[in-house]
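Below is one structure, written out as structure tokens, with a few remarks after it.
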Amino acid sequence: MSDTHQGGAVATSAPPSPDEGLAPAELAAKYGLSVSGARPGIFAYVRDLWSRRHFILAFSSAKLAAQYSQAKLGQVWQVATPLLNALVYYLIFGLILGAGQGMTKEVYIPFLVTGIFVFTFTQSSVMAGVRAISGNLGLVRALHFPRATLPISFSLQQLQQLLYSMVVLVAVAVIFGSYPSLRWLLVIPALALQFVFNTGLAMIMARMGAKTPDLAQLMPFIMRTWMYASGVMFSIQTMLADKPAWIADILMYNPAAVYMDLIRFALIDGYSASNLPDHVWMTALAWALVFGIGGFVYFWKAEERYGRG
């Protein structure tokens, strides 16, 4: 097409584009384009995660090894840190405040150490989950991979750390008169359920932390409140004996208390089934399924938004 202007000059103009007037979605469909980093279907997402299982394990192991690489005692701190916490809590709550009411020293010390180690597993998983995306934006923006690998890896890292700590926990139980028996095998399903619960909760916190990085500053206060409400340092039944029963029920059925009590029951001879809430295994399974599946779906729904600013 051409137009003649004054002076004899001829100007040409391009013919109209065949794509003129098409919406972006129509253009993408016409040329077979797809959104970069689009969220896959949930079953495809699970398959993608499974294909990266070796990376998840290697990444968690590397993070665990690097955690105390600058300290002279190195990996010893994996066990020493919760053990020192247990010593401090024993001095304050056990000796000064008498929080071990109704329990002998042979029961209370393993009770306290178990509570500290098991609650630390959940606490560390949650805190790592909050920073899983916001603390690894360089990795998230540079590479294409299912983002759920990050909170899963961090939860697996905390499980590995707890397994190292279990050596000390077993030693404490034996020193105070609780010897290995078939009941100790209950630790395996209890820890498996807690790991599923922790991973689901870490995924929830990872999505929330990706959108609100300041959440990392608030979480230590929330976790400290949760710890005091979960009977880490005392028996909920004994301490709340003069309070309305529903208060004790709420605290005993909260997931942190449920998993702690299951492992205490498995390891400590003097900690009988009467200290456990009714239907405790069903409760532990329910918490694991609700948070494990719900947390995974909640995280997956925001997959394409992570690292986008």
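We name chains A, B, ... following the order of the structure tokens; residues begin at 1 in each chain, and ligands are numbered from 1 as shown.
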- Task: Determine, counting only C-alpha atoms, which protein, DNA and RNA residues have an atom within 9 Å of an atom of A:Gly231; residues of the same chain fewer than 3 positions away are not included. Present the result as a PyMOL selection string.
- Result: chain A and resi 115+227-228+234-236+251-252+256-257+260
Can you write out the residues you just picked, keeping C-alpha atoms, as a short mmCIF file (atom, residue, chain, number, x, y, z; two decimals), in the first residue's frame?
```
data_model
loop_
_atom_site.label_atom_id
_atom_site.label_comp_id
_atom_site.auth_asym_id
_atom_site.auth_seq_id
_atom_site.Cartn_x
_atom_site.Cartn_y
_atom_site.Cartn_z
CA GLY A 115 9.52 -33.02 75.28
CA MET A 227 5.65 -24.70 73.62
CA TYR A 228 4.33 -23.52 76.99
CA PHE A 234 5.00 -30.24 82.89
CA SER A 235 2.10 -32.67 82.86
CA ILE A 236 -0.99 -30.91 81.51
CA LEU A 251 -4.12 -28.54 75.32
CA MET A 252 -3.72 -32.33 75.36
CA ALA A 256 2.59 -30.92 69.55
CA ALA A 257 1.34 -32.46 72.82
CA MET A 260 5.31 -35.70 72.48
#
```
Would you mind listing, for every residue of stretch 94-200 of chain A within 7 Å of stretch 273-288 of chain A, the two atoms forming the shortest contact and the distance between them in Å to one decimal, using only C-alpha atoms, sorted by chain and ascending residue number, as JSON lines?
```
{"residue": "A:Leu193", "atom": "CA", "partner": "A:Ala288", "partner_atom": "CA", "distance": 5.6}
{"residue": "A:Gln194", "atom": "CA", "partner": "A:Ala288", "partner_atom": "CA", "distance": 6.7}
{"residue": "A:Val196", "atom": "CA", "partner": "A:Ala288", "partner_atom": "CA", "distance": 5.5}
{"residue": "A:Phe197", "atom": "CA", "partner": "A:Ala288", "partner_atom": "CA", "distance": 4.3}
```
- Message: List the spatial neighbours of stretch 105-108 of chain A as a PyMOL selection string - criterion: any atom at most 12 Å away, only C-alpha atoms, same-chain residues fewer than 2 positions off excluded.
- Response: chain A and resi 86+89-90+93-95+98-103+110-115+172-178+232-235+264-265+267-272
- Task: Show which residues sit within 12 Å of stretch 144-146 of chain A, as an MDAnalysis selection string. Count only C-alpha atoms, and ignore same-chain residues fewer than 6 positions away.
- Result: chainID A and resid 36:42 44:53 55:56 133 138 152:153 296 299:307
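Minimum distance to A:Met208 across A:Gly129, A:Gly292, A:Pro82, A:Gly135 (counting only C-alpha atoms) occurs at A:Gly129.
Note that the spacing between atom CA of A:Gln161 and atom CA of A:Lys211 amounts to 28.1 Å.
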- Task: Give me every alpha helix (DSSP H) residue in stretch 110-155 of chain A, going by DSSP on the backbone, as a ChimeraX atom specification.
- Result: /A:110-130,137-142,149-155
- Task: Mind checking which residues fall within 10 Å of A:Leu156, counting only C-alpha atoms, ignoring those fewer than 4 positions away in the same chain, and posting them as JSON, numbers by chain?
- Result: {"A": [56, 57, 59, 60, 61, 64, 125, 150, 151, 152, 160, 161, 162, 195, 196, 198, 199]}
Just-selected residues, N, CA and C atoms written as a PDB file, in the first residue's frame:
```
ATOM      1  N   ILE A  56      16.225 -33.861  46.879  1.00  0.00           N
ATOM      2  CA  ILE A  56      15.667 -33.465  48.173  1.00  0.00           C
ATOM      3  C   ILE A  56      16.519 -34.024  49.309  1.00  0.00           C
ATOM      4  N   LEU A  57      16.876 -35.303  49.202  1.00  0.00           N
ATOM      5  CA  LEU A  57      17.692 -35.930  50.242  1.00  0.00           C
ATOM      6  C   LEU A  57      19.086 -35.323  50.304  1.00  0.00           C
ATOM      7  N   PHE A  59      20.041 -32.336  49.240  1.00  0.00           N
ATOM      8  CA  PHE A  59      19.965 -30.935  49.663  1.00  0.00           C
ATOM      9  C   PHE A  59      19.803 -30.838  51.173  1.00  0.00           C
ATOM     10  N   SER A  60      18.933 -31.685  51.749  1.00  0.00           N
ATOM     11  CA  SER A  60      18.724 -31.650  53.200  1.00  0.00           C
ATOM     12  C   SER A  60      19.981 -32.079  53.944  1.00  0.00           C
ATOM     13  N   SER A  61      20.676 -33.080  53.427  1.00  0.00           N
ATOM     14  CA  SER A  61      21.910 -33.540  54.077  1.00  0.00           C
ATOM     15  C   SER A  61      22.998 -32.475  54.011  1.00  0.00           C
ATOM     16  N   LEU A  64      22.230 -29.742  56.473  1.00  0.00           N
ATOM     17  CA  LEU A  64      22.515 -30.190  57.833  1.00  0.00           C
ATOM     18  C   LEU A  64      24.010 -30.143  58.117  1.00  0.00           C
ATOM     19  N   SER A 125      11.210 -27.145  62.141  1.00  0.00           N
ATOM     20  CA  SER A 125      10.586 -27.348  60.828  1.00  0.00           C
ATOM     21  C   SER A 125       9.760 -26.136  60.435  1.00  0.00           C
ATOM     22  N   LEU A 150      11.725 -27.385  48.549  1.00  0.00           N
ATOM     23  CA  LEU A 150      12.428 -26.621  49.586  1.00  0.00           C
ATOM     24  C   LEU A 150      11.869 -26.887  50.982  1.00  0.00           C
ATOM     25  N   PRO A 151      10.563 -26.653  51.246  1.00  0.00           N
ATOM     26  CA  PRO A 151      10.075 -26.968  52.600  1.00  0.00           C
ATOM     27  C   PRO A 151      10.189 -28.445  52.953  1.00  0.00           C
ATOM     28  N   ILE A 152      10.038 -29.330  51.962  1.00  0.00           N
ATOM     29  CA  ILE A 152      10.208 -30.759  52.251  1.00  0.00           C
ATOM     30  C   ILE A 152      11.643 -31.044  52.662  1.00  0.00           C
ATOM     31  N   GLN A 160      16.437 -35.543  60.268  1.00  0.00           N
ATOM     32  CA  GLN A 160      17.774 -36.116  60.398  1.00  0.00           C
ATOM     33  C   GLN A 160      18.445 -35.631  61.676  1.00  0.00           C
ATOM     34  N   GLN A 161      18.254 -34.359  61.989  1.00  0.00           N
ATOM     35  CA  GLN A 161      18.847 -33.822  63.214  1.00  0.00           C
ATOM     36  C   GLN A 161      18.244 -34.481  64.442  1.00  0.00           C
ATOM     37  N   LEU A 162      16.931 -34.701  64.433  1.00  0.00           N
ATOM     38  CA  LEU A 162      16.293 -35.375  65.562  1.00  0.00           C
ATOM     39  C   LEU A 162      16.809 -36.800  65.714  1.00  0.00           C
ATOM     40  N   PHE A 195       6.472 -36.228  61.285  1.00  0.00           N
ATOM     41  CA  PHE A 195       7.177 -35.696  60.117  1.00  0.00           C
ATOM     42  C   PHE A 195       6.185 -35.229  59.047  1.00  0.00           C
ATOM     43  N   VAL A 196       5.137 -36.007  58.811  1.00  0.00           N
ATOM     44  CA  VAL A 196       4.119 -35.604  57.828  1.00  0.00           C
ATOM     45  C   VAL A 196       3.428 -34.319  58.284  1.00  0.00           C
ATOM     46  N   ASN A 198       4.646 -32.018  60.368  1.00  0.00           N
ATOM     47  CA  ASN A 198       5.613 -30.917  60.301  1.00  0.00           C
ATOM     48  C   ASN A 198       5.808 -30.423  58.870  1.00  0.00           C
ATOM     49  N   THR A 199       5.878 -31.368  57.922  1.00  0.00           N
ATOM     50  CA  THR A 199       6.100 -30.992  56.529  1.00  0.00           C
ATOM     51  C   THR A 199       4.922 -30.193  55.986  1.00  0.00           C
TER      52      THR A 199
END
```
- Note on the structure: As a check of understanding: the span from atom CA of A:Val79 to atom CA of A:Phe119 is 14.0 Å
- Query: Could you state the separation of atom CA of A:Val130 and atom CA of A:Gln67 in Å, given to one decimal place?
  - Reply: 17.1 Å
